[in-house]
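Novice: Data file input.csv (CSV, C-alpha atoms) is appended below.
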```
chain,number,residue,atom,x,y,z
A,6,MET,CA,-5.2,22.2,-43.6
A,7,PRO,CA,-8.0,23.6,-45.7
A,8,LYS,CA,-7.5,24.3,-49.3
A,9,HIS,CA,-7.0,28.0,-49.0
A,10,ASP,CA,-8.7,28.8,-52.2
A,11,SER,CA,-11.5,31.1,-51.5
A,12,ARG,CA,-12.4,31.4,-55.2
A,13,ILE,CA,-13.5,35.0,-54.9
A,14,ASP,CA,-13.6,35.4,-58.7
A,15,GLY,CA,-17.3,35.9,-58.9
A,16,THR,CA,-18.1,32.4,-60.2
A,17,GLY,CA,-21.5,31.3,-59.0
A,18,SER,CA,-22.8,34.8,-58.9
A,19,ASP,CA,-25.8,33.6,-60.8
A,20,LYS,CA,-27.2,32.1,-57.6
A,21,SER,CA,-29.6,34.3,-55.7
A,22,LEU,CA,-28.4,36.3,-52.8
A,23,SER,CA,-31.6,35.5,-51.1
A,24,ASN,CA,-30.0,32.2,-50.0
A,25,HIS,CA,-28.1,34.1,-47.2
A,26,SER,CA,-28.3,32.2,-44.0
A,27,ASN,CA,-27.8,33.5,-40.5
A,28,LEU,CA,-24.3,32.1,-40.3
A,29,SER,CA,-21.9,34.4,-38.5
A,30,ASN,CA,-18.6,35.4,-40.1
A,31,GLU,CA,-16.8,33.5,-37.4
A,32,HIS,CA,-18.8,30.3,-38.0
A,33,LEU,CA,-18.5,30.6,-41.8
A,34,LEU,CA,-14.8,31.1,-41.6
A,35,GLY,CA,-14.5,28.1,-39.2
A,36,LEU,CA,-16.4,25.9,-41.6
A,37,TRP,CA,-14.3,27.1,-44.5
A,38,ALA,CA,-11.1,26.5,-42.6
A,39,GLU,CA,-12.1,22.9,-42.0
A,40,GLN,CA,-13.4,22.4,-45.5
A,41,GLN,CA,-16.9,21.7,-44.3
A,42,LEU,CA,-18.8,24.2,-46.4
A,43,THR,CA,-21.8,23.0,-48.2
A,44,GLU,CA,-22.5,24.2,-51.7
A,45,SER,CA,-24.8,27.0,-50.5
A,46,GLN,CA,-22.4,27.9,-47.7
A,47,GLN,CA,-19.6,28.0,-50.3
A,48,TYR,CA,-21.6,30.4,-52.3
A,49,GLU,CA,-22.4,32.6,-49.3
A,50,PHE,CA,-18.7,32.5,-48.3
A,51,GLU,CA,-17.7,33.8,-51.7
A,52,GLN,CA,-20.4,36.4,-51.6
A,53,ARG,CA,-19.2,37.7,-48.3
A,54,CYS,CA,-15.6,37.8,-49.5
A,55,LEU,CA,-16.8,39.9,-52.4
A,56,GLN,CA,-19.1,42.2,-50.4
A,57,GLN,CA,-17.4,42.5,-47.0
A,58,GLU,CA,-13.9,43.8,-47.2
A,59,GLU,CA,-13.3,43.1,-43.6
A,60,PHE,CA,-14.3,39.4,-44.0
A,61,ALA,CA,-12.1,39.2,-47.1
A,62,LYS,CA,-9.2,40.6,-45.1
A,63,GLN,CA,-9.8,38.0,-42.4
A,64,VAL,CA,-9.7,35.2,-45.0
A,65,GLU,CA,-6.5,36.7,-46.4
A,66,THR,CA,-4.9,37.0,-43.0
A,67,TYR,CA,-5.9,33.4,-42.3
A,68,ASN,CA,-4.2,32.3,-45.6
A,69,ILE,CA,-1.1,34.3,-44.9
A,70,PHE,CA,-0.8,33.0,-41.4
A,71,ALA,CA,-1.5,29.4,-42.5
A,72,LEU,CA,1.1,29.7,-45.2
A,73,GLN,CA,3.7,31.1,-42.7
A,74,SER,CA,2.9,28.4,-40.2
A,75,GLU,CA,3.4,25.8,-42.9
A,76,HIS,CA,6.9,27.2,-43.5
A,77,TYR,CA,7.6,27.6,-39.8
A,78,HIS,CA,10.9,26.0,-39.0
A,79,ASP,CA,10.7,24.1,-35.8
A,80,ASP,CA,13.6,24.8,-33.5
A,81,GLU,CA,15.7,21.9,-32.4
A,82,VAL,CA,15.2,21.1,-28.7
A,83,PRO,CA,18.2,22.1,-26.6
A,84,ASN,CA,19.7,19.4,-24.5
A,85,TRP,CA,17.8,19.2,-21.2
A,86,ASP,CA,17.4,16.8,-18.3
A,87,ARG,CA,14.9,14.4,-19.8
A,88,GLU,CA,15.3,11.8,-17.1
A,89,SER,CA,14.0,14.3,-14.4
A,90,THR,CA,10.6,13.8,-15.9
A,91,PHE,CA,10.7,10.0,-15.1
A,92,ASP,CA,9.2,10.4,-11.7
A,93,MET,CA,8.6,6.7,-11.1
A,94,PRO,CA,8.5,6.1,-7.4
A,95,GLN,CA,11.1,3.6,-6.2
A,96,LYS,CA,9.7,0.2,-5.3
A,97,ALA,CA,9.5,0.4,-1.5
A,98,LYS,CA,11.4,-2.2,0.4
A,99,TRP,CA,9.3,-4.6,2.4
A,100,TRP,CA,10.2,-2.8,5.6
A,101,GLN,CA,9.1,0.5,4.0
A,102,TRP,CA,5.8,-1.0,3.1
A,103,GLN,CA,3.1,1.7,3.6
A,104,GLY,CA,0.8,-0.7,5.3
A,105,LEU,CA,3.3,-1.6,8.0
A,106,PRO,CA,2.2,1.1,10.4
A,107,THR,CA,-1.4,0.2,9.8
A,108,LEU,CA,-0.7,-3.4,10.4
A,109,SER,CA,1.3,-2.6,13.5
A,110,PHE,CA,-1.6,-0.5,14.8
A,111,ALA,CA,-4.1,-3.2,14.0
A,112,THR,CA,-2.1,-5.9,15.8
A,113,SER,CA,-1.7,-3.6,18.8
A,114,MET,CA,-5.4,-3.0,18.9
A,115,LEU,CA,-6.0,-6.7,18.6
A,116,ALA,CA,-3.6,-7.4,21.4
A,117,ILE,CA,-5.4,-4.8,23.6
A,118,VAL,CA,-8.8,-6.3,22.8
A,119,MET,CA,-7.5,-9.8,23.6
A,120,VAL,CA,-6.2,-8.6,26.9
A,121,LEU,CA,-9.3,-6.6,27.8
A,122,THR,CA,-11.7,-9.4,26.9
A,123,GLY,CA,-9.4,-12.1,28.4
A,124,LEU,CA,-9.3,-14.1,25.2
A,125,GLN,CA,-8.1,-17.7,25.8
A,126,VAL,CA,-7.0,-20.0,23.1
A,127,ARG,CA,-6.7,-23.6,24.1
A,128,MET,CA,-5.6,-26.8,22.3
A,129,ASP,CA,-7.1,-29.9,23.7
A,130,ASP,CA,-6.8,-33.2,22.0
A,131,GLY,CA,-6.3,-31.6,18.6
A,132,ALA,CA,-9.3,-29.3,19.1
A,133,MET,CA,-8.8,-25.5,19.4
A,134,THR,CA,-11.1,-23.6,21.8
A,135,ILE,CA,-11.3,-19.9,21.8
A,136,SER,CA,-13.0,-18.5,24.8
A,137,PHE,CA,-13.4,-15.1,26.7
A,138,ALA,CA,-12.9,-14.8,30.4
A,139,GLY,CA,-16.2,-14.8,32.3
A,140,LYS,CA,-17.9,-16.3,29.4
A,141,GLN,CA,-16.7,-19.8,29.7
A,142,SER,CA,-19.5,-22.3,29.5
A,143,THR,CA,-21.0,-23.9,32.7
A,144,GLN,CA,-20.4,-27.3,31.1
A,145,GLU,CA,-16.8,-26.5,30.7
A,146,ILE,CA,-16.5,-25.4,34.3
A,147,ASP,CA,-18.3,-28.5,35.5
A,148,ARG,CA,-16.1,-30.7,33.5
A,149,LEU,CA,-13.0,-28.9,34.9
A,150,VAL,CA,-14.3,-29.2,38.5
A,151,ASN,CA,-15.2,-32.9,38.0
A,152,ASP,CA,-11.8,-33.6,36.5
A,153,ARG,CA,-10.1,-31.9,39.5
A,154,LEU,CA,-12.3,-33.8,41.9
A,155,VAL,CA,-11.6,-37.1,40.3
A,156,GLU,CA,-7.9,-36.3,40.4
A,157,PHE,CA,-8.2,-35.2,44.1
A,158,ARG,CA,-10.2,-38.3,45.0
A,159,GLN,CA,-7.7,-40.6,43.3
A,160,ALA,CA,-4.8,-38.9,45.0
A,161,GLN,CA,-6.6,-39.1,48.4
A,162,GLN,CA,-7.3,-42.8,47.9
A,163,VAL,CA,-3.8,-43.5,47.1
A,164,ALA,CA,-2.6,-41.6,50.1
A,165,LEU,CA,-5.1,-43.3,52.4
A,166,THR,CA,-4.2,-46.7,51.1
A,167,GLU,CA,-0.5,-46.0,51.7
A,168,TYR,CA,-1.3,-44.7,55.2
A,169,THR,CA,-3.3,-47.8,56.0
A,170,GLN,CA,-0.7,-50.1,54.7
A,171,ALA,CA,2.0,-48.3,56.7
A,172,LEU,CA,-0.2,-48.4,59.9
A,173,GLY,CA,-0.9,-52.1,59.5
A,174,GLN,CA,2.7,-52.8,58.9
A,175,GLN,CA,3.6,-50.8,62.0
A,176,GLN,CA,1.0,-52.7,64.1
A,177,MET,CA,2.3,-56.0,62.8
A,178,ASP,CA,5.8,-55.1,63.7
A,179,ALA,CA,4.8,-53.9,67.2
A,180,SER,CA,2.8,-57.1,67.8
A,181,ALA,CA,5.7,-59.2,66.6
A,182,GLN,CA,8.0,-57.3,68.9
A,183,LEU,CA,5.6,-57.7,71.8
A,184,THR,CA,5.2,-61.4,71.2
A,185,GLN,CA,8.9,-61.9,71.0
A,186,TYR,CA,9.3,-59.9,74.2
A,187,LEU,CA,6.5,-61.9,76.0
A,188,LEU,CA,7.9,-65.2,74.8
A,189,GLY,CA,11.4,-64.3,75.8
A,190,ALA,CA,10.3,-63.0,79.2
A,191,SER,CA,8.1,-66.1,80.1
A,192,ARG,CA,10.9,-68.4,78.9
A,193,LYS,CA,13.4,-66.6,81.2
A,194,GLU,CA,11.0,-66.7,84.1
A,195,ARG,CA,10.3,-70.4,83.6
A,196,ARG,CA,14.0,-71.1,83.4
A,197,GLU,CA,14.5,-69.1,86.6
A,198,ASP,CA,11.6,-70.9,88.3
A,199,PHE,CA,13.0,-74.3,87.3
A,200,ALA,CA,16.4,-73.3,88.5
A,201,GLU,CA,14.9,-72.3,91.8
A,202,LEU,CA,12.9,-75.5,91.9
A,203,ILE,CA,15.9,-77.6,91.1
A,204,LYS,CA,17.9,-75.7,93.7
A,205,TYR,CA,15.0,-76.2,96.2
A,206,VAL,CA,14.9,-79.9,95.3
A,207,ASN,CA,18.6,-80.2,95.6
A,208,GLU,CA,18.5,-78.4,98.9
A,209,GLN,CA,15.7,-80.7,100.0
A,210,ARG,CA,17.7,-83.7,98.9
A,211,GLY,CA,20.8,-82.3,100.7
A,212,ASP,CA,18.6,-81.9,103.8
A,213,ASP,CA,17.2,-85.4,103.4
A,214,GLN,CA,20.7,-86.8,103.0
A,215,LEU,CA,21.8,-85.1,106.1
A,216,PHE,CA,18.7,-86.4,107.9
A,217,TYR,CA,19.2,-89.8,106.7
A,218,ALA,CA,22.9,-89.7,107.5
A,219,ARG,CA,22.0,-88.5,111.0
A,220,GLN,CA,19.4,-91.3,111.3
A,221,ILE,CA,21.9,-93.8,110.1
A,222,ASN,CA,24.5,-92.5,112.5
A,223,LYS,CA,22.0,-92.6,115.3
A,224,LEU,CA,21.1,-96.1,114.3
A,225,GLN,CA,24.7,-97.0,114.2
A,226,GLN,CA,25.3,-95.6,117.5
A,227,ASN,CA,22.3,-97.4,118.8
A,228,ILE,CA,23.6,-100.6,117.4
A,229,TYR,CA,27.0,-100.1,118.8
A,230,ALA,CA,25.4,-99.2,122.1
A,231,LYS,CA,23.2,-102.3,122.3
A,232,PRO,CA,25.4,-105.3,120.9
A,233,ASP,CA,22.8,-108.0,122.0
A,234,LEU,CA,20.6,-106.7,119.7
A,235,THR,CA,23.1,-107.1,117.0
A,236,GLY,CA,23.6,-110.9,117.6
A,237,THR,CA,20.2,-111.7,117.9
A,238,ILE,CA,19.5,-110.1,114.8
A,239,ASN,CA,22.5,-112.0,113.1
A,240,GLU,CA,21.2,-115.3,114.3
B,10,MET,CA,12.6,-1.1,-38.2
B,11,PHE,CA,9.2,-1.5,-36.6
B,12,GLU,CA,8.5,1.5,-34.4
B,13,LYS,CA,6.6,1.0,-31.2
B,14,THR,CA,3.2,2.7,-31.0
B,15,ASP,CA,2.5,5.3,-28.4
B,16,GLN,CA,0.3,2.9,-26.5
B,17,GLN,CA,3.1,0.3,-26.4
B,18,LEU,CA,5.5,2.8,-25.1
B,19,ILE,CA,3.0,4.1,-22.5
B,20,THR,CA,2.4,0.6,-21.3
B,21,LYS,CA,6.1,-0.1,-20.9
B,22,ALA,CA,6.7,3.3,-19.2
B,23,LEU,CA,3.9,2.5,-16.7
B,24,GLN,CA,5.7,-0.7,-15.9
B,25,GLY,CA,8.8,1.4,-15.0
B,26,ASN,CA,10.6,1.1,-18.3
B,27,LYS,CA,12.6,4.4,-18.4
B,28,GLN,CA,13.8,3.9,-21.9
B,29,ALA,CA,10.3,3.5,-23.2
B,30,TRP,CA,9.3,6.8,-21.5
B,31,LEU,CA,12.4,8.5,-22.9
B,32,ASN,CA,11.5,7.3,-26.4
B,33,LEU,CA,7.9,8.6,-26.0
B,34,LEU,CA,9.3,11.9,-24.7
B,35,LYS,CA,11.7,12.3,-27.6
B,36,ARG,CA,8.9,11.6,-30.0
B,37,TYR,CA,6.9,14.6,-28.7
B,38,GLU,CA,9.5,16.9,-27.2
B,39,LYS,CA,10.0,18.9,-30.3
B,40,PRO,CA,6.3,19.9,-30.9
B,41,ILE,CA,5.9,20.7,-27.2
B,42,TYR,CA,9.1,22.7,-27.0
B,43,ASN,CA,8.1,24.7,-30.1
B,44,TYR,CA,4.6,25.1,-28.6
B,45,GLY,CA,6.3,26.5,-25.5
B,46,MET,CA,8.4,28.8,-27.7
B,47,ARG,CA,5.4,30.2,-29.5
B,48,MET,CA,3.3,30.5,-26.3
B,49,THR,CA,5.9,32.1,-24.1
B,50,GLY,CA,8.3,33.6,-26.6
B,51,LYS,CA,11.3,32.7,-24.4
B,52,ASN,CA,13.7,29.8,-24.7
B,53,GLU,CA,14.1,29.4,-20.9
B,54,ASP,CA,10.3,29.6,-20.3
B,55,ALA,CA,9.7,27.1,-23.2
B,56,LEU,CA,12.2,24.7,-21.5
B,57,ASP,CA,10.6,25.1,-18.1
B,58,LEU,CA,7.1,24.7,-19.6
B,59,MET,CA,8.2,21.6,-21.5
B,60,GLN,CA,9.6,20.0,-18.3
B,61,GLU,CA,6.4,20.8,-16.4
B,62,VAL,CA,4.3,19.4,-19.2
B,63,PHE,CA,6.2,16.1,-19.4
B,64,ILE,CA,6.4,15.7,-15.6
B,65,SER,CA,2.6,16.2,-15.5
B,66,VAL,CA,2.1,13.8,-18.4
B,67,PHE,CA,4.2,11.1,-16.7
B,68,ARG,CA,2.3,11.5,-13.4
B,69,ASN,CA,-1.0,11.3,-15.2
B,70,LEU,CA,0.0,8.6,-17.6
B,71,ALA,CA,-1.9,5.9,-15.8
B,72,SER,CA,-5.1,7.9,-16.3
B,73,TYR,CA,-4.7,8.0,-20.1
B,74,ARG,CA,-7.4,5.7,-21.4
B,75,ASN,CA,-6.4,5.6,-25.0
B,76,GLU,CA,-9.5,7.6,-25.9
B,77,GLY,CA,-8.5,9.9,-28.7
B,78,SER,CA,-4.9,10.3,-29.8
B,79,PHE,CA,-2.1,10.6,-27.3
B,80,LYS,CA,-1.0,13.8,-29.0
B,81,SER,CA,-4.4,15.4,-28.4
B,82,TRP,CA,-4.2,14.3,-24.7
B,83,LEU,CA,-0.7,15.6,-24.5
B,84,PHE,CA,-1.6,19.1,-25.9
B,85,ARG,CA,-4.6,19.3,-23.5
B,86,ILE,CA,-2.2,18.9,-20.6
B,87,ALA,CA,0.2,21.3,-22.2
B,88,HIS,CA,-2.6,23.9,-22.5
B,89,PHE,CA,-3.5,23.7,-18.8
B,90,ARG,CA,0.2,23.7,-17.8
B,91,CYS,CA,0.7,26.8,-20.0
B,92,ILE,CA,-2.2,28.6,-18.3
B,93,GLU,CA,-0.8,27.8,-14.9
B,94,PHE,CA,2.6,29.0,-16.1
B,95,TYR,CA,1.1,32.3,-17.2
B,96,ARG,CA,-0.8,32.8,-14.0
B,97,ARG,CA,2.4,32.2,-12.1
B,98,LYS,CA,4.5,34.5,-14.2
B,99,LYS,CA,1.8,37.2,-14.6
B,100,PRO,CA,-0.7,36.8,-11.8
B,101,THR,CA,-2.3,40.2,-12.4
B,102,GLN,CA,-2.9,39.6,-16.1
B,103,GLY,CA,-6.2,37.9,-17.3
B,104,LEU,CA,-6.2,35.3,-20.0
B,105,ASP,CA,-8.2,37.5,-22.3
B,106,ASP,CA,-6.1,40.6,-21.6
B,107,ALA,CA,-3.8,41.9,-24.3
B,108,PRO,CA,-0.3,41.2,-23.0
B,109,GLU,CA,2.0,44.1,-22.1
B,110,ILE,CA,5.1,43.6,-24.2
B,111,GLU,CA,8.1,44.3,-22.2
B,112,SER,CA,11.4,45.3,-23.7
B,113,GLU,CA,12.9,42.2,-22.4
B,114,GLU,CA,10.4,40.0,-24.2
B,115,LYS,CA,11.0,41.8,-27.5
B,116,SER,CA,14.6,41.2,-27.2
B,117,ALA,CA,13.9,37.6,-26.3
B,118,ALA,CA,11.9,37.1,-29.4
B,119,GLU,CA,14.8,38.5,-31.3
B,120,ARG,CA,17.1,36.0,-29.8
B,121,ILE,CA,15.2,33.1,-31.3
B,122,HIS,CA,17.6,31.5,-33.7
B,123,THR,CA,15.1,30.9,-36.5
B,124,THR,CA,14.2,32.4,-39.8
B,125,GLN,CA,12.7,35.8,-40.3
B,126,GLU,CA,9.2,34.3,-40.8
B,127,ASN,CA,9.6,32.5,-37.5
B,128,LYS,CA,10.5,35.7,-35.7
B,129,GLN,CA,7.5,37.5,-37.2
B,130,LEU,CA,5.1,34.8,-36.3
B,131,VAL,CA,6.4,34.4,-32.7
B,132,SER,CA,6.6,38.2,-32.3
B,133,ALA,CA,3.0,38.6,-33.6
B,134,MET,CA,1.7,35.8,-31.4
B,135,GLN,CA,3.2,37.3,-28.3
B,136,ARG,CA,0.9,40.3,-28.7
B,137,LEU,CA,-2.2,38.1,-28.5
B,138,PRO,CA,-4.1,37.4,-25.3
B,139,LEU,CA,-3.4,33.9,-24.0
B,140,SER,CA,-6.9,32.6,-24.8
B,141,GLN,CA,-6.6,33.6,-28.5
B,142,LYS,CA,-3.0,32.6,-28.7
B,143,ALA,CA,-3.9,29.1,-27.6
B,144,VAL,CA,-6.5,28.7,-30.3
B,145,VAL,CA,-4.2,30.1,-33.0
B,146,GLU,CA,-1.4,27.7,-31.8
B,147,LEU,CA,-3.6,24.7,-31.8
B,148,LYS,CA,-5.2,25.5,-35.1
B,149,PHE,CA,-2.2,26.5,-37.2
B,150,PHE,CA,0.6,24.6,-35.6
B,151,GLY,CA,-1.1,21.7,-33.9
B,152,GLN,CA,-3.4,21.1,-36.9
B,153,PHE,CA,-6.3,20.3,-34.7
B,154,THR,CA,-9.9,20.7,-35.6
B,155,PHE,CA,-12.2,23.1,-33.8
B,156,ASP,CA,-13.8,20.2,-32.0
B,157,GLU,CA,-10.5,19.0,-30.8
B,158,ILE,CA,-9.4,22.5,-29.8
B,159,ALA,CA,-12.7,22.9,-27.9
B,160,GLU,CA,-12.1,19.7,-26.0
B,161,GLN,CA,-8.5,20.5,-25.2
B,162,THR,CA,-9.1,24.0,-24.0
B,163,GLY,CA,-12.4,23.3,-22.3
B,164,ILE,CA,-14.4,25.8,-24.3
B,165,SER,CA,-17.3,25.4,-26.8
B,166,VAL,CA,-16.6,25.1,-30.6
B,167,ASN,CA,-18.3,28.4,-31.3
B,168,THR,CA,-16.1,30.1,-28.7
B,169,ALA,CA,-13.0,28.5,-30.3
B,170,LYS,CA,-14.1,29.9,-33.7
B,171,SER,CA,-14.9,33.3,-32.2
B,172,ARG,CA,-11.4,33.4,-30.6
B,173,LEU,CA,-9.7,32.5,-33.8
B,174,TYR,CA,-11.7,35.2,-35.6
B,175,GLY,CA,-10.7,37.8,-33.0
B,176,ALA,CA,-7.1,36.7,-33.2
B,177,LEU,CA,-7.1,37.0,-37.0
B,178,GLU,CA,-8.3,40.6,-36.6
B,179,LYS,CA,-5.4,41.4,-34.4
B,180,LEU,CA,-2.9,39.5,-36.4
B,181,LYS,CA,-4.1,41.3,-39.5
B,182,ILE,CA,-3.2,44.6,-38.0
B,183,LEU,CA,0.0,43.4,-36.5
B,184,MET,CA,1.1,41.9,-39.8
B,185,GLU,CA,0.2,45.0,-41.7
B,186,VAL,CA,2.4,46.9,-39.4
B,187,ASP,CA,5.2,44.4,-39.7
B,188,TYR,CA,5.0,44.4,-43.5
B,189,ALA,CA,4.7,48.1,-43.7
```
With the file now loaded, output its structure as C-alpha cells.

Specialist:
Amino acid sequence: MPKHDSRIDGTGSDKSLSNHSNLSNEHLLGLWAEQQLTESQQYEFEQRCLQQEEFAKQVETYNIFALQSEHYHDDEVPNWDRESTFDMPQKAKWWQWQGLPTLSFATSMLAIVMVLTGLQVRMDDGAMTISFAGKQSTQEIDRLVNDRLVEFRQAQQVALTEYTQALGQQQMDASAQLTQYLLGASRKERREDFAELIKYVNEQRGDDQLFYARQINKLQQNIYAKPDLTGTINE
Amino acid sequence: MFEKTDQQLITKALQGNKQAWLNLLKRYEKPIYNYGMRMTGKNEDALDLMQEVFISVFRNLASYRNEGSFKSWLFRIAHFRCIEFYRRKKPTQGLDDAPEIESEEKSAAERIHTTQENKQLVSAMQRLPLSQKAVVELKFFGQFTFDEIAEQTGISVNTAKSRLYGALEKLKILMEVDYA
C-alpha cells in the first residue's frame, strides 16, 4: 500500500510551476498510489492537490477507500463441498484404455490388408519368409517345383522297383510251378511207359513160355510117338 | 512446522493427491470467497463463483508454469470466471454499464454479516460497473500493482489507471451520499 500522505501542506512551493508535465491526473494518481513518484512528479502531485479540488477529492477518496479496505473484515468461508473441485479423472482400467478402439481398428485394418494382399508368413529352417500372393519369387517357385519333382521321382522309383520285384517274384514262382508240373508229368508218363513195357515184356515172356511149352509138348509127343529115336539117342 | 509451498502442493495435486489440493484450496478459499462477495454482493453467488473458480483452477493446474505468483494466476482465472458469471446472470448488461441495483440485491448486501464498514464498502462497490469494480477489487483488496492488474484483466496499464480513477469519482459521490 502506498504511504497515503499527500503532504498537501504547501511545502516545496518554492519550485517553479513551469515544471508541469503532461501527466494526466489518472497517471499521476496511479504513480502516487504505487509510490513511484519522482521528486518533480511529487511536486506536481502536491500542486495539483492544492490547485485542483477535484483531484484533491480523488486523492481523499482513494485514502478513505484504502483505509476502509485495510479495515475490511474478511468473512469466514461457509462450509462447502470442497472435494467437488477435485476433478481428477479416475485412472482408466486397462480394458477402458482409450487407445483400445484405435488398436482394434488398426488390427482389423491390418487383417484386411493381409487378406487382400495374400500375405504369407513362413518359417523354414529357422528363417522367416514374408511374401505376398502373386509376388513370390520365380526362384522360390522353381525350388518348390524341383522339390516336388524330386519327391515324385523318388516315389515313382520306389513304386517301380517294388512292381519289378513283385513281377520277377511272380514269374519265378510261375516258372517253378511249371517246372514242377513238367517234371511231375514226365515222371508219371515214364512210369506209365515202363509199366506198359514191363507188361508187354511180361506178356511177351508169357507168350514165349506158352510157345516153348507147346514146342516142348510137341517134342514130347514126337518123342513118345517115335520111340526108336529115343533109344538111338540114348545109346 | 514447515509449510509446503504452493508449488509443492500443486505438484502433488497434479499427481492425484487430493489432500494436497485441499490444502492449497484452503489456503486461498478465503480471499476468493471474499472476492466473490465483493464482486457479486451475494453469499450464494460468491459460493457459486468460488466453486467455479476452483474447478477451473484445478482443470488448468497443469498449465500453470510457475511464472509469477500462484495468487496472481489464481486471481486472473477468478477475474475471467467472474466476467462469465456476470454475463450469465445479466446477459443484457455490458461490463462498463452501471449496474441496476435491484431491491433484492440491496437486501442481500444488508444480509452480509460483517461490520458496518464492510457493508458500506460492498454496497458502494455494487454500484460500480464490473470493469471498474474489478480494478478496485484487485487494487485495494488484492494489493496488486497496476502492471499485475493489467496482466490479470487483459487490459493496458493506462486503462487500469483510468478505470480506477473513474471508479474513485463514482465512489466519492456514493460515499458522500452514504456519509451524509

Novice: Pick out the closest residue to chain A from this set: B:Gly50, B:Gly175, B:Gly77, B:Pro100. Count only C-alpha atoms.

Specialist: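 For chain A, the nearest of the given residues is B:Gly175.
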
Novice: When you draw a straight line from CA of Phe50 (chain A) to CA of Trp37 (chain A), how long is it in Å?

Specialist: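 CA of Phe50 (chain A) sits 7.9 Å away from CA of Trp37 (chain A).
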
Novice: Identify which of the residues A:Leu124, A:Met133, A:Met119, A:Ala71 lies closest to Leu147 (chain B), counting all atoms listed in the file when measuring atom-to-atom distances.

Specialist: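 That would be A:Ala71, the residue with the smallest distance to Leu147 (chain B).
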
Novice: Would you mind listing what lies within 12 Å of Asp86 (chain A) as a list of chain:residue names, with all atoms listed in the file counted and same-chain residues fewer than 5 positions away left out?

Specialist: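 The neighbour list is A:Phe91, B:Leu31, B:Leu34, B:Lys35, B:Glu38, B:Leu56, B:Asp57, B:Met59, B:Gln60, B:Glu61, B:Phe63, B:Ile64.
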
Novice: Restricting the output to C-alpha atoms, write the selected residues as an mmCIF file, in the frame of the given file.

Specialist:
```
data_model
loop_
_atom_site.group_PDB
_atom_site.id
_atom_site.type_symbol
_atom_site.label_atom_id
_atom_site.label_comp_id
_atom_site.auth_asym_id
_atom_site.auth_seq_id
_atom_site.Cartn_x
_atom_site.Cartn_y
_atom_site.Cartn_z
ATOM 1 C CA PHE A 91 10.700 10.000 -15.100
ATOM 2 C CA LEU B 31 12.400 8.500 -22.900
ATOM 3 C CA LEU B 34 9.300 11.900 -24.700
ATOM 4 C CA LYS B 35 11.700 12.300 -27.600
ATOM 5 C CA GLU B 38 9.500 16.900 -27.200
ATOM 6 C CA LEU B 56 12.200 24.700 -21.500
ATOM 7 C CA ASP B 57 10.600 25.100 -18.100
ATOM 8 C CA MET B 59 8.200 21.600 -21.500
ATOM 9 C CA GLN B 60 9.600 20.000 -18.300
ATOM 10 C CA GLU B 61 6.400 20.800 -16.400
ATOM 11 C CA PHE B 63 6.200 16.100 -19.400
ATOM 12 C CA ILE B 64 6.400 15.700 -15.600
#
```

Novice: Just how far from CA of Ser171 (chain B) is CA of Leu137 (chain B), in Å to one decimal?

Specialist: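 Distance between the two atoms: 14.1 Å.
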
Novice: Produce a table with one row for each residue of chain A that has an atom at most 6 Å from any atom of chain B, each row naming the nearest atom pair and its distance in Å at one decimal; use all atoms listed in the file; arrange rows by chain and rising residue number; format as CSV.

Specialist:
```
residue,atom,partner,partner_atom,distance
A:Glu31,CA,B:Ser171,CA,5.5
A:Gly35,CA,B:Lys170,CA,5.8
A:Thr66,CA,B:Lys181,CA,5.6
A:Tyr77,CA,B:Asn127,CA,5.8
A:Val82,CA,B:Lys39,CA,5.9
A:Thr90,CA,B:Ile64,CA,4.6
```

Novice: Interatomic distance between CA of Tyr95 (chain B) and CA of Arg74 (chain B)?

Specialist: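 Calculated distance between CA of Tyr95 (chain B) and CA of Arg74 (chain B) is 28.2 Å.
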
Novice: Show me as a PyMOL selection string the residues that reach within 12 Å of (4.9, 4.4, -27.5), counting all atoms listed in the file and using the file's own coordinates.

Specialist: chain B and resi 11-23+26-37+70+75+78-80
